[in-house]
Amino acid sequence: MNNGAHGTAGVPIDLAGRVALVTGAGSGIGEAIAGILARAGALVAVADLFEPAAVRVAGEITALGGRAIAVRLDVADEASVRDGVGRITTELGPVRIVVNNAATWTIKPFADTSPAEIEHVFAVTVTGAMNVTRSVLTDLCAEPGGRVVNIISDSGRVGEAHMAAYASAKAALVGFTKSLAREVGRQGVTVNGVSPGTTVTPGSADFIAQVGGEQKLARAYPLGRLGRPEDIAGAVLFFASPLADWITGQVLSVSGGFTMV
């Protein structure tokens with residue numbers, strides 16, 4: 001296990017002793033984020049609705065010399081969030097970094113999308129991020145250096161056919177990111193967003209297949225490939241680190257040049 005992640009010219013990113021809560025961390029982008037934060041020294045709460053997935057990821061981090069716990073968390077349920085955060089605080093300490101990655105989506109024409117489906121997408125993706133952030137906000141603001149990183153999506157910035165509910169929910173997260181950044185800046189807390197382009201994960205497989213496959217989709221990307229979870233995790237690590245002390249209310253597109261906003 002490395003003591004820290006290193007960037008250009010060996011500049012260290014050291015999160016030793018800082019407690020990080022990552023939602024949706026049982027696979028894909030969330031798993032990569034949990035791993036990179038742990039390699040930088042953070043104590044990681046691997047939170048996921050599917051507890052076995054969280055247990056696996058936390059176990060892998062621990063096996064590499066890091067410290068992590070698995071927490072079953074339904075971000076759309078305030079009681080679940082309250083109980084989960086209470087356990088994290090007891091076992092690891094006050095949360096100083098929160099990464100709101102949990103989300104859900106439906107892929108179908110808007111005309112075929114039911115009100116219940118829309119409500120579910122917003123409950124997990126938007127209300128979930130708000131529930132989690134509110135539950136740790138006092139600890140984040142207790143001293144300077146608290147971090148909130150919201151995983152947005154470039155679909156929320158430029159739209160995506162057949163994903164109107166998801167794109168709208170992610171657009172709402174942009175507003176949440178910027179508004180909260182204005183509220184908590186005086187307490188030394190930064191709030192930023194990382195906005196992935198299409199990233200190859202188990203959860204994106206259906207979407208990629210529906211639009212013609214990875215190879216076809218990659219032709220539209222100036223860098224010639226789709227994203228990998230590690231691409232997104234690196235940007236999150238930057239925002240979580242002291243290198244980003246004077247950056248707040250920003251949304252960084254990590255999309256291989258597909259979206260240049």
# chains A, B, ... in the order shown; residues from 1 in each chain; ligands from 1
$ residues_around --residues "Val148 (chain A)" --least-positions-apart "3" --cutoff "9 Å" --atoms "only C-alpha atoms" --output "list of chain:residue names"
A:Arg96, A:Ile97, A:Val98, A:Val99, A:Asn100, A:Thr133, A:Leu140, A:Thr177, A:Ala181, A:Val189, A:Thr190, A:Val191, A:Asn192, A:Gly193, A:Phe239, A:Ala240
$ write_last_selection --atoms "N, CA, C and O atoms" --output "short mmCIF file (atom, residue, chain, number, x, y, z; two decimals), in the first residue's frame"
data_model
loop_
_atom_site.label_atom_id
_atom_site.label_comp_id
_atom_site.auth_asym_id
_atom_site.auth_seq_id
_atom_site.Cartn_x
_atom_site.Cartn_y
_atom_site.Cartn_z
N ARG A 96 -14.72 14.02 6.70
CA ARG A 96 -14.12 15.27 6.21
C ARG A 96 -14.16 15.37 4.69
O ARG A 96 -13.96 16.43 4.12
N ILE A 97 -14.40 14.24 4.03
CA ILE A 97 -14.52 14.20 2.58
C ILE A 97 -15.75 13.37 2.24
O ILE A 97 -15.89 12.24 2.71
N VAL A 98 -16.66 13.93 1.45
CA VAL A 98 -17.81 13.15 1.00
C VAL A 98 -17.86 13.19 -0.52
O VAL A 98 -17.74 14.25 -1.13
N VAL A 99 -18.00 12.03 -1.11
CA VAL A 99 -18.11 11.91 -2.56
C VAL A 99 -19.48 11.32 -2.87
O VAL A 99 -19.74 10.15 -2.57
N ASN A 100 -20.34 12.14 -3.45
CA ASN A 100 -21.69 11.71 -3.80
C ASN A 100 -21.68 11.12 -5.21
O ASN A 100 -21.79 11.83 -6.21
N THR A 133 -24.99 14.65 2.21
CA THR A 133 -24.23 15.86 2.51
C THR A 133 -24.76 16.54 3.77
O THR A 133 -23.97 16.96 4.63
N LEU A 140 -18.17 18.55 8.41
CA LEU A 140 -17.40 19.17 7.33
C LEU A 140 -17.03 20.61 7.66
O LEU A 140 -15.94 21.08 7.33
N THR A 177 -24.36 21.83 -6.32
CA THR A 177 -22.92 22.03 -6.12
C THR A 177 -22.60 23.51 -5.97
O THR A 177 -21.90 23.92 -5.03
N ALA A 181 -21.65 25.49 -2.43
CA ALA A 181 -20.32 26.10 -2.40
C ALA A 181 -20.40 27.53 -1.88
O ALA A 181 -19.53 27.98 -1.11
N VAL A 189 -14.91 25.08 3.50
CA VAL A 189 -15.34 23.85 2.84
C VAL A 189 -15.49 24.11 1.35
O VAL A 189 -16.09 25.10 0.95
N THR A 190 -14.92 23.24 0.53
CA THR A 190 -15.09 23.37 -0.91
C THR A 190 -16.09 22.34 -1.41
O THR A 190 -16.19 21.24 -0.89
N VAL A 191 -16.83 22.73 -2.45
CA VAL A 191 -17.83 21.87 -3.06
C VAL A 191 -17.64 21.94 -4.57
O VAL A 191 -17.79 23.01 -5.17
N ASN A 192 -17.28 20.82 -5.17
CA ASN A 192 -17.03 20.79 -6.60
C ASN A 192 -17.67 19.56 -7.22
O ASN A 192 -18.10 18.64 -6.52
N GLY A 193 -17.72 19.56 -8.53
CA GLY A 193 -18.29 18.43 -9.25
C GLY A 193 -17.32 17.89 -10.29
O GLY A 193 -16.57 18.65 -10.90
N PHE A 239 -9.67 17.15 -6.29
CA PHE A 239 -10.59 18.03 -5.57
C PHE A 239 -10.61 17.75 -4.07
O PHE A 239 -10.87 18.64 -3.26
N ALA A 240 -10.32 16.50 -3.69
CA ALA A 240 -10.30 16.14 -2.27
C ALA A 240 -9.03 16.58 -1.58
O ALA A 240 -8.96 16.57 -0.34
#
$ select_by_dssp --residues "region 16-188 of chain A" --states "strand (DSSP E)" --output "list in words"
Val19, Ala20, Leu21, Val22, Leu43, Val44, Ala45, Val46, Ala47, Asp48, Arg67, Ala68, Ile69, Ala70, Val71, Arg72, Val95, Arg96, Ile97, Val98, Val99, Asn100, Arg147, Val148, Val149, Asn150 and Ile151 of chain A
$ write_last_selection --atoms "N, CA and C atoms" --output "PDB file, in the first residue's frame"
ATOM      1  N   VAL A  19     -11.201  11.106   7.044  1.00  0.00           N
ATOM      2  CA  VAL A  19     -12.267  10.134   6.799  1.00  0.00           C
ATOM      3  C   VAL A  19     -13.038  10.540   5.549  1.00  0.00           C
ATOM      4  N   ALA A  20     -13.140   9.600   4.617  1.00  0.00           N
ATOM      5  CA  ALA A  20     -13.839   9.850   3.360  1.00  0.00           C
ATOM      6  C   ALA A  20     -15.018   8.903   3.224  1.00  0.00           C
ATOM      7  N   LEU A  21     -16.171   9.446   2.892  1.00  0.00           N
ATOM      8  CA  LEU A  21     -17.376   8.664   2.639  1.00  0.00           C
ATOM      9  C   LEU A  21     -17.654   8.707   1.140  1.00  0.00           C
ATOM     10  N   VAL A  22     -17.671   7.546   0.516  1.00  0.00           N
ATOM     11  CA  VAL A  22     -17.941   7.442  -0.918  1.00  0.00           C
ATOM     12  C   VAL A  22     -19.201   6.624  -1.111  1.00  0.00           C
ATOM     13  N   LEU A  43      -9.095   7.251   5.385  1.00  0.00           N
ATOM     14  CA  LEU A  43      -9.878   6.172   5.988  1.00  0.00           C
ATOM     15  C   LEU A  43     -11.225   6.176   5.271  1.00  0.00           C
ATOM     16  N   VAL A  44     -11.541   5.128   4.569  1.00  0.00           N
ATOM     17  CA  VAL A  44     -12.646   5.162   3.615  1.00  0.00           C
ATOM     18  C   VAL A  44     -13.846   4.361   4.088  1.00  0.00           C
ATOM     19  N   ALA A  45     -15.002   5.016   4.075  1.00  0.00           N
ATOM     20  CA  ALA A  45     -16.276   4.336   4.273  1.00  0.00           C
ATOM     21  C   ALA A  45     -16.817   4.000   2.896  1.00  0.00           C
ATOM     22  N   VAL A  46     -16.819   2.718   2.576  1.00  0.00           N
ATOM     23  CA  VAL A  46     -17.295   2.229   1.283  1.00  0.00           C
ATOM     24  C   VAL A  46     -18.792   1.991   1.416  1.00  0.00           C
ATOM     25  N   ALA A  47     -19.583   2.924   0.910  1.00  0.00           N
ATOM     26  CA  ALA A  47     -21.033   2.864   1.103  1.00  0.00           C
ATOM     27  C   ALA A  47     -21.716   2.437  -0.185  1.00  0.00           C
ATOM     28  N   ASP A  48     -22.658   1.513  -0.055  1.00  0.00           N
ATOM     29  CA  ASP A  48     -23.387   1.045  -1.228  1.00  0.00           C
ATOM     30  C   ASP A  48     -24.701   0.425  -0.766  1.00  0.00           C
ATOM     31  N   ARG A  67      -7.213   1.314   5.208  1.00  0.00           N
ATOM     32  CA  ARG A  67      -8.254   1.116   6.210  1.00  0.00           C
ATOM     33  C   ARG A  67      -9.586   1.516   5.614  1.00  0.00           C
ATOM     34  N   ALA A  68     -10.545   0.598   5.661  1.00  0.00           N
ATOM     35  CA  ALA A  68     -11.861   0.856   5.092  1.00  0.00           C
ATOM     36  C   ALA A  68     -12.897   0.022   5.812  1.00  0.00           C
ATOM     37  N   ILE A  69     -14.113   0.523   5.827  1.00  0.00           N
ATOM     38  CA  ILE A  69     -15.241  -0.238   6.338  1.00  0.00           C
ATOM     39  C   ILE A  69     -16.339  -0.225   5.287  1.00  0.00           C
ATOM     40  N   ALA A  70     -17.116  -1.281   5.264  1.00  0.00           N
ATOM     41  CA  ALA A  70     -18.252  -1.376   4.351  1.00  0.00           C
ATOM     42  C   ALA A  70     -19.518  -0.949   5.091  1.00  0.00           C
ATOM     43  N   VAL A  71     -20.316  -0.132   4.425  1.00  0.00           N
ATOM     44  CA  VAL A  71     -21.551   0.369   5.040  1.00  0.00           C
ATOM     45  C   VAL A  71     -22.685   0.228   4.035  1.00  0.00           C
ATOM     46  N   ARG A  72     -23.739  -0.472   4.436  1.00  0.00           N
ATOM     47  CA  ARG A  72     -24.918  -0.502   3.582  1.00  0.00           C
ATOM     48  C   ARG A  72     -25.654   0.821   3.742  1.00  0.00           C
ATOM     49  N   VAL A  95     -16.565  12.639   9.308  1.00  0.00           N
ATOM     50  CA  VAL A  95     -16.337  12.655   7.867  1.00  0.00           C
ATOM     51  C   VAL A  95     -15.813  14.027   7.441  1.00  0.00           C
ATOM     52  N   ARG A  96     -14.722  14.025   6.703  1.00  0.00           N
ATOM     53  CA  ARG A  96     -14.117  15.272   6.206  1.00  0.00           C
ATOM     54  C   ARG A  96     -14.159  15.370   4.687  1.00  0.00           C
ATOM     55  N   ILE A  97     -14.400  14.236   4.033  1.00  0.00           N
ATOM     56  CA  ILE A  97     -14.522  14.203   2.576  1.00  0.00           C
ATOM     57  C   ILE A  97     -15.754  13.372   2.244  1.00  0.00           C
ATOM     58  N   VAL A  98     -16.662  13.925   1.450  1.00  0.00           N
ATOM     59  CA  VAL A  98     -17.809  13.146   1.005  1.00  0.00           C
ATOM     60  C   VAL A  98     -17.862  13.188  -0.517  1.00  0.00           C
ATOM     61  N   VAL A  99     -17.997  12.030  -1.107  1.00  0.00           N
ATOM     62  CA  VAL A  99     -18.109  11.913  -2.559  1.00  0.00           C
ATOM     63  C   VAL A  99     -19.476  11.317  -2.872  1.00  0.00           C
ATOM     64  N   ASN A 100     -20.343  12.138  -3.455  1.00  0.00           N
ATOM     65  CA  ASN A 100     -21.693  11.705  -3.803  1.00  0.00           C
ATOM     66  C   ASN A 100     -21.682  11.117  -5.211  1.00  0.00           C
ATOM     67  N   ARG A 147     -14.467  18.704   2.380  1.00  0.00           N
ATOM     68  CA  ARG A 147     -14.590  18.549   0.928  1.00  0.00           C
ATOM     69  C   ARG A 147     -15.885  17.827   0.565  1.00  0.00           C
ATOM     70  N   VAL A 148     -16.587  18.382  -0.420  1.00  0.00           N
ATOM     71  CA  VAL A 148     -17.710  17.697  -1.050  1.00  0.00           C
ATOM     72  C   VAL A 148     -17.391  17.599  -2.533  1.00  0.00           C
ATOM     73  N   VAL A 149     -17.457  16.392  -3.065  1.00  0.00           N
ATOM     74  CA  VAL A 149     -17.272  16.200  -4.505  1.00  0.00           C
ATOM     75  C   VAL A 149     -18.483  15.436  -5.025  1.00  0.00           C
ATOM     76  N   ASN A 150     -19.222  16.073  -5.918  1.00  0.00           N
ATOM     77  CA  ASN A 150     -20.406  15.459  -6.507  1.00  0.00           C
ATOM     78  C   ASN A 150     -20.074  14.923  -7.892  1.00  0.00           C
ATOM     79  N   ILE A 151     -20.452  13.689  -8.145  1.00  0.00           N
ATOM     80  CA  ILE A 151     -20.248  13.125  -9.470  1.00  0.00           C
ATOM     81  C   ILE A 151     -21.455  13.508 -10.324  1.00  0.00           C
TER      82      ILE A 151
END
$ closest_residue --among "A:Thr198, A:Thr106, A:Thr113, A:Thr259" --to "Val211 (chain A)" --atoms "only C-alpha atoms"
A:Thr198
$ residues_around --residues "region 162-175 of chain A" --least-positions-apart "4" --cutoff "7 Å" --atoms "only C-alpha atoms" --output "list in words"
Trp105, Thr106, Ile107, Lys108, Pro109, Phe110, Ile118, Val121, Phe122, Thr125, Val126, Ile152, Ser153, Ser155, Gly156, Arg157 and Ser179 of chain A
$ residues_around --residues "region 216-218 of chain A" --least-positions-apart "4" --cutoff "12 Å" --atoms "only C-alpha atoms" --output "PyMOL selection string"
chain A and resi 197-200+207-212+222-227+255-258
$ write_last_selection --atoms "N, CA, C and O atoms" --output "mmCIF file, in the first residue's frame"
data_model
loop_
_atom_site.group_PDB
_atom_site.id
_atom_site.type_symbol
_atom_site.label_atom_id
_atom_site.label_comp_id
_atom_site.auth_asym_id
_atom_site.auth_seq_id
_atom_site.Cartn_x
_atom_site.Cartn_y
_atom_site.Cartn_z
ATOM 1 N N GLY A 197 -17.672 11.910 -18.966
ATOM 2 C CA GLY A 197 -18.279 11.465 -20.202
ATOM 3 C C GLY A 197 -18.594 9.984 -20.061
ATOM 4 O O GLY A 197 -18.545 9.418 -18.966
ATOM 5 N N THR A 198 -18.915 9.337 -21.170
ATOM 6 C CA THR A 198 -19.255 7.914 -21.102
ATOM 7 C C THR A 198 -18.060 7.122 -20.581
ATOM 8 O O THR A 198 -16.963 7.181 -21.140
ATOM 9 N N THR A 199 -18.284 6.411 -19.510
ATOM 10 C CA THR A 199 -17.236 5.664 -18.822
ATOM 11 C C THR A 199 -17.624 4.194 -18.790
ATOM 12 O O THR A 199 -18.777 3.849 -18.505
ATOM 13 N N VAL A 200 -16.675 3.346 -19.094
ATOM 14 C CA VAL A 200 -16.944 1.910 -19.176
ATOM 15 C C VAL A 200 -17.009 1.324 -17.773
ATOM 16 O O VAL A 200 -15.998 1.230 -17.061
ATOM 17 N N PHE A 207 -26.241 0.962 -21.810
ATOM 18 C CA PHE A 207 -26.258 2.198 -22.593
ATOM 19 C C PHE A 207 -25.272 2.112 -23.754
ATOM 20 O O PHE A 207 -25.594 2.457 -24.895
ATOM 21 N N ILE A 208 -24.053 1.657 -23.490
ATOM 22 C CA ILE A 208 -23.028 1.567 -24.531
ATOM 23 C C ILE A 208 -23.481 0.616 -25.636
ATOM 24 O O ILE A 208 -23.304 0.889 -26.834
ATOM 25 N N ALA A 209 -24.097 -0.477 -25.247
ATOM 26 C CA ALA A 209 -24.591 -1.429 -26.246
ATOM 27 C C ALA A 209 -25.698 -0.812 -27.095
ATOM 28 O O ALA A 209 -25.745 -1.016 -28.323
ATOM 29 N N GLN A 210 -26.580 -0.036 -26.477
ATOM 30 C CA GLN A 210 -27.699 0.553 -27.200
ATOM 31 C C GLN A 210 -27.258 1.581 -28.226
ATOM 32 O O GLN A 210 -27.940 1.798 -29.229
ATOM 33 N N VAL A 211 -26.126 2.235 -28.004
ATOM 34 C CA VAL A 211 -25.660 3.257 -28.949
ATOM 35 C C VAL A 211 -24.611 2.723 -29.911
ATOM 36 O O VAL A 211 -23.942 3.492 -30.587
ATOM 37 N N GLY A 212 -24.463 1.394 -29.973
ATOM 38 C CA GLY A 212 -23.616 0.831 -31.009
ATOM 39 C C GLY A 212 -22.322 0.216 -30.559
ATOM 40 O O GLY A 212 -21.522 -0.240 -31.385
ATOM 41 N N PRO A 222 -12.276 13.011 -28.996
ATOM 42 C CA PRO A 222 -10.975 13.442 -29.512
ATOM 43 C C PRO A 222 -9.805 12.580 -29.043
ATOM 44 O O PRO A 222 -8.841 12.393 -29.779
ATOM 45 N N LEU A 223 -9.880 12.038 -27.836
ATOM 46 C CA LEU A 223 -8.798 11.193 -27.342
ATOM 47 C C LEU A 223 -8.959 9.730 -27.751
ATOM 48 O O LEU A 223 -8.145 8.886 -27.377
ATOM 49 N N GLY A 224 -10.003 9.435 -28.500
ATOM 50 C CA GLY A 224 -10.109 8.140 -29.147
ATOM 51 C C GLY A 224 -10.529 6.973 -28.284
ATOM 52 O O GLY A 224 -10.425 5.818 -28.718
ATOM 53 N N ARG A 225 -11.007 7.217 -27.099
ATOM 54 C CA ARG A 225 -11.478 6.121 -26.250
ATOM 55 C C ARG A 225 -12.518 6.632 -25.275
ATOM 56 O O ARG A 225 -12.626 7.839 -25.034
ATOM 57 N N LEU A 226 -13.252 5.703 -24.695
ATOM 58 C CA LEU A 226 -14.174 6.041 -23.624
ATOM 59 C C LEU A 226 -13.413 6.095 -22.303
ATOM 60 O O LEU A 226 -12.249 5.687 -22.207
ATOM 61 N N GLY A 227 -14.083 6.599 -21.283
ATOM 62 C CA GLY A 227 -13.432 6.731 -19.990
ATOM 63 C C GLY A 227 -13.328 5.415 -19.258
ATOM 64 O O GLY A 227 -14.043 4.454 -19.538
ATOM 65 N N SER A 255 -13.933 13.929 -19.888
ATOM 66 C CA SER A 255 -14.690 13.292 -20.971
ATOM 67 C C SER A 255 -13.869 13.040 -22.225
ATOM 68 O O SER A 255 -14.452 12.870 -23.305
ATOM 69 N N GLY A 256 -12.560 13.020 -22.097
ATOM 70 C CA GLY A 256 -11.735 12.760 -23.271
ATOM 71 C C GLY A 256 -11.916 13.779 -24.376
ATOM 72 O O GLY A 256 -11.642 13.510 -25.538
ATOM 73 N N GLY A 257 -12.387 14.971 -24.017
ATOM 74 C CA GLY A 257 -12.574 16.039 -24.975
ATOM 75 C C GLY A 257 -13.914 16.017 -25.686
ATOM 76 O O GLY A 257 -14.197 16.900 -26.503
ATOM 77 N N PHE A 258 -14.780 15.046 -25.369
ATOM 78 C CA PHE A 258 -16.070 14.968 -26.046
ATOM 79 C C PHE A 258 -16.911 16.209 -25.772
ATOM 80 O O PHE A 258 -17.557 16.752 -26.655
#
$ select_by_dssp --residues "region 37-245 of chain A" --states "alpha helix (DSSP H)" --output "VMD selection string"
chain A and resid 37 to 39 51 to 63 78 to 91 115 to 122 128 to 140 155 to 158 164 to 184 205 to 210 214 to 218 229 to 240
$ residues_around --residues "Glu230 (chain A)" --least-positions-apart "3" --cutoff "10 Å" --atoms "only C-alpha atoms" --output "PDB file with all heavy atoms, in the first residue's frame"
ATOM      1  N   GLY A  28     -17.512  -0.002 -10.210  1.00  0.00           N
ATOM      2  CA  GLY A  28     -17.340   1.064 -11.179  1.00  0.00           C
ATOM      3  C   GLY A  28     -16.581   2.266 -10.689  1.00  0.00           C
ATOM      4  O   GLY A  28     -15.527   2.167 -10.044  1.00  0.00           O
ATOM      5  N   ILE A  29     -17.111   3.445 -10.992  1.00  0.00           N
ATOM      6  CA  ILE A  29     -16.457   4.704 -10.646  1.00  0.00           C
ATOM      7  C   ILE A  29     -16.291   4.832  -9.140  1.00  0.00           C
ATOM      8  O   ILE A  29     -15.235   5.240  -8.650  1.00  0.00           O
ATOM      9  CB  ILE A  29     -17.254   5.891 -11.232  1.00  0.00           C
ATOM     10  CG1 ILE A  29     -17.118   5.913 -12.758  1.00  0.00           C
ATOM     11  CG2 ILE A  29     -16.769   7.211 -10.641  1.00  0.00           C
ATOM     12  CD1 ILE A  29     -18.004   6.935 -13.446  1.00  0.00           C
ATOM     13  N   GLY A  30     -17.320   4.497  -8.376  1.00  0.00           N
ATOM     14  CA  GLY A  30     -17.238   4.617  -6.923  1.00  0.00           C
ATOM     15  C   GLY A  30     -16.155   3.739  -6.339  1.00  0.00           C
ATOM     16  O   GLY A  30     -15.434   4.136  -5.414  1.00  0.00           O
ATOM     17  N   GLU A  31     -16.012   2.529  -6.861  1.00  0.00           N
ATOM     18  CA  GLU A  31     -14.959   1.634  -6.401  1.00  0.00           C
ATOM     19  C   GLU A  31     -13.579   2.230  -6.663  1.00  0.00           C
ATOM     20  O   GLU A  31     -12.696   2.192  -5.791  1.00  0.00           O
ATOM     21  CB  GLU A  31     -15.084   0.278  -7.089  1.00  0.00           C
ATOM     22  CG  GLU A  31     -13.995  -0.707  -6.704  1.00  0.00           C
ATOM     23  CD  GLU A  31     -14.150  -2.060  -7.366  1.00  0.00           C
ATOM     24  OE1 GLU A  31     -15.153  -2.279  -8.080  1.00  0.00           O
ATOM     25  OE2 GLU A  31     -13.256  -2.915  -7.174  1.00  0.00           O
ATOM     26  N   ALA A  32     -13.389   2.787  -7.853  1.00  0.00           N
ATOM     27  CA  ALA A  32     -12.104   3.396  -8.186  1.00  0.00           C
ATOM     28  C   ALA A  32     -11.810   4.597  -7.292  1.00  0.00           C
ATOM     29  O   ALA A  32     -10.666   4.814  -6.870  1.00  0.00           O
ATOM     30  CB  ALA A  32     -12.085   3.810  -9.652  1.00  0.00           C
ATOM     31  N   ILE A  33     -12.838   5.382  -6.977  1.00  0.00           N
ATOM     32  CA  ILE A  33     -12.654   6.544  -6.103  1.00  0.00           C
ATOM     33  C   ILE A  33     -12.258   6.092  -4.704  1.00  0.00           C
ATOM     34  O   ILE A  33     -11.327   6.638  -4.101  1.00  0.00           O
ATOM     35  CB  ILE A  33     -13.944   7.392  -6.066  1.00  0.00           C
ATOM     36  CG1 ILE A  33     -14.182   8.043  -7.425  1.00  0.00           C
ATOM     37  CG2 ILE A  33     -13.857   8.453  -4.964  1.00  0.00           C
ATOM     38  CD1 ILE A  33     -15.558   8.667  -7.568  1.00  0.00           C
ATOM     39  N   GLY A  35     -10.772   3.410  -3.854  1.00  0.00           N
ATOM     40  CA  GLY A  35      -9.420   2.884  -3.889  1.00  0.00           C
ATOM     41  C   GLY A  35      -8.352   3.948  -3.928  1.00  0.00           C
ATOM     42  O   GLY A  35      -7.349   3.874  -3.205  1.00  0.00           O
ATOM     43  N   ILE A  36      -8.545   4.983  -4.745  1.00  0.00           N
ATOM     44  CA  ILE A  36      -7.500   5.998  -4.872  1.00  0.00           C
ATOM     45  C   ILE A  36      -7.418   6.860  -3.615  1.00  0.00           C
ATOM     46  O   ILE A  36      -6.324   7.272  -3.204  1.00  0.00           O
ATOM     47  CB  ILE A  36      -7.704   6.852  -6.143  1.00  0.00           C
ATOM     48  CG1 ILE A  36      -6.366   7.506  -6.547  1.00  0.00           C
ATOM     49  CG2 ILE A  36      -8.799   7.893  -5.973  1.00  0.00           C
ATOM     50  CD1 ILE A  36      -6.395   8.143  -7.915  1.00  0.00           C
ATOM     51  N   THR A 199     -18.284   6.411 -19.510  1.00  0.00           N
ATOM     52  CA  THR A 199     -17.236   5.664 -18.822  1.00  0.00           C
ATOM     53  C   THR A 199     -17.624   4.194 -18.790  1.00  0.00           C
ATOM     54  O   THR A 199     -18.777   3.849 -18.505  1.00  0.00           O
ATOM     55  CB  THR A 199     -17.061   6.206 -17.384  1.00  0.00           C
ATOM     56  OG1 THR A 199     -16.803   7.621 -17.458  1.00  0.00           O
ATOM     57  CG2 THR A 199     -15.900   5.525 -16.685  1.00  0.00           C
ATOM     58  N   GLY A 227     -14.083   6.599 -21.283  1.00  0.00           N
ATOM     59  CA  GLY A 227     -13.432   6.731 -19.990  1.00  0.00           C
ATOM     60  C   GLY A 227     -13.328   5.415 -19.258  1.00  0.00           C
ATOM     61  O   GLY A 227     -14.043   4.454 -19.538  1.00  0.00           O
ATOM     62  N   ALA A 233     -11.605   8.911 -11.037  1.00  0.00           N
ATOM     63  CA  ALA A 233     -11.077   8.884  -9.675  1.00  0.00           C
ATOM     64  C   ALA A 233      -9.936   9.878  -9.497  1.00  0.00           C
ATOM     65  O   ALA A 233      -9.806  10.508  -8.440  1.00  0.00           O
ATOM     66  CB  ALA A 233     -10.614   7.475  -9.327  1.00  0.00           C
ATOM     67  N   GLY A 234      -9.099  10.036 -10.509  1.00  0.00           N
ATOM     68  CA  GLY A 234      -7.986  10.980 -10.397  1.00  0.00           C
ATOM     69  C   GLY A 234      -8.460  12.403 -10.193  1.00  0.00           C
ATOM     70  O   GLY A 234      -7.874  13.162  -9.412  1.00  0.00           O
ATOM     71  N   ALA A 235      -9.519  12.793 -10.899  1.00  0.00           N
ATOM     72  CA  ALA A 235     -10.056  14.146 -10.736  1.00  0.00           C
ATOM     73  C   ALA A 235     -10.654  14.334  -9.350  1.00  0.00           C
ATOM     74  O   ALA A 235     -10.517  15.401  -8.733  1.00  0.00           O
ATOM     75  CB  ALA A 235     -11.107  14.410 -11.812  1.00  0.00           C
ATOM     76  N   VAL A 236     -11.322  13.290  -8.832  1.00  0.00           N
ATOM     77  CA  VAL A 236     -11.883  13.371  -7.483  1.00  0.00           C
ATOM     78  C   VAL A 236     -10.772  13.526  -6.457  1.00  0.00           C
ATOM     79  O   VAL A 236     -10.873  14.340  -5.521  1.00  0.00           O
ATOM     80  CB  VAL A 236     -12.737  12.127  -7.173  1.00  0.00           C
ATOM     81  CG1 VAL A 236     -13.174  12.119  -5.703  1.00  0.00           C
ATOM     82  CG2 VAL A 236     -13.953  12.071  -8.090  1.00  0.00           C
TER      83      VAL A 236
END
$ closest_residue --among "A:Arg18, A:Arg228, A:Arg56, A:Arg134" --to "Ala38 (chain A)" --atoms "only C-alpha atoms"
A:Arg18
$ residues_around --residues "Ala142 (chain A)" --least-positions-apart "4" --cutoff "10 Å" --atoms "only C-alpha atoms" --output "short mmCIF file (atom, residue, chain, number, x, y, z; two decimals) with C-alpha atoms, in the first residue's frame"
data_model
loop_
_atom_site.label_atom_id
_atom_site.label_comp_id
_atom_site.auth_asym_id
_atom_site.auth_seq_id
_atom_site.Cartn_x
_atom_site.Cartn_y
_atom_site.Cartn_z
CA PRO A 94 -15.93 12.60 11.64
CA ARG A 96 -14.12 15.27 6.21
CA LEU A 137 -22.32 18.98 7.05
CA THR A 138 -21.67 19.89 10.69
CA GLY A 146 -13.92 19.87 4.41
CA GLN A 187 -16.15 27.70 6.77
CA GLY A 188 -13.31 26.62 4.49
CA VAL A 189 -15.34 23.85 2.84
#
$ atom_distance --atom1 "CA of Met260 (chain A)" --atom2 "CA of Ala205 (chain A)"
24.1 Å
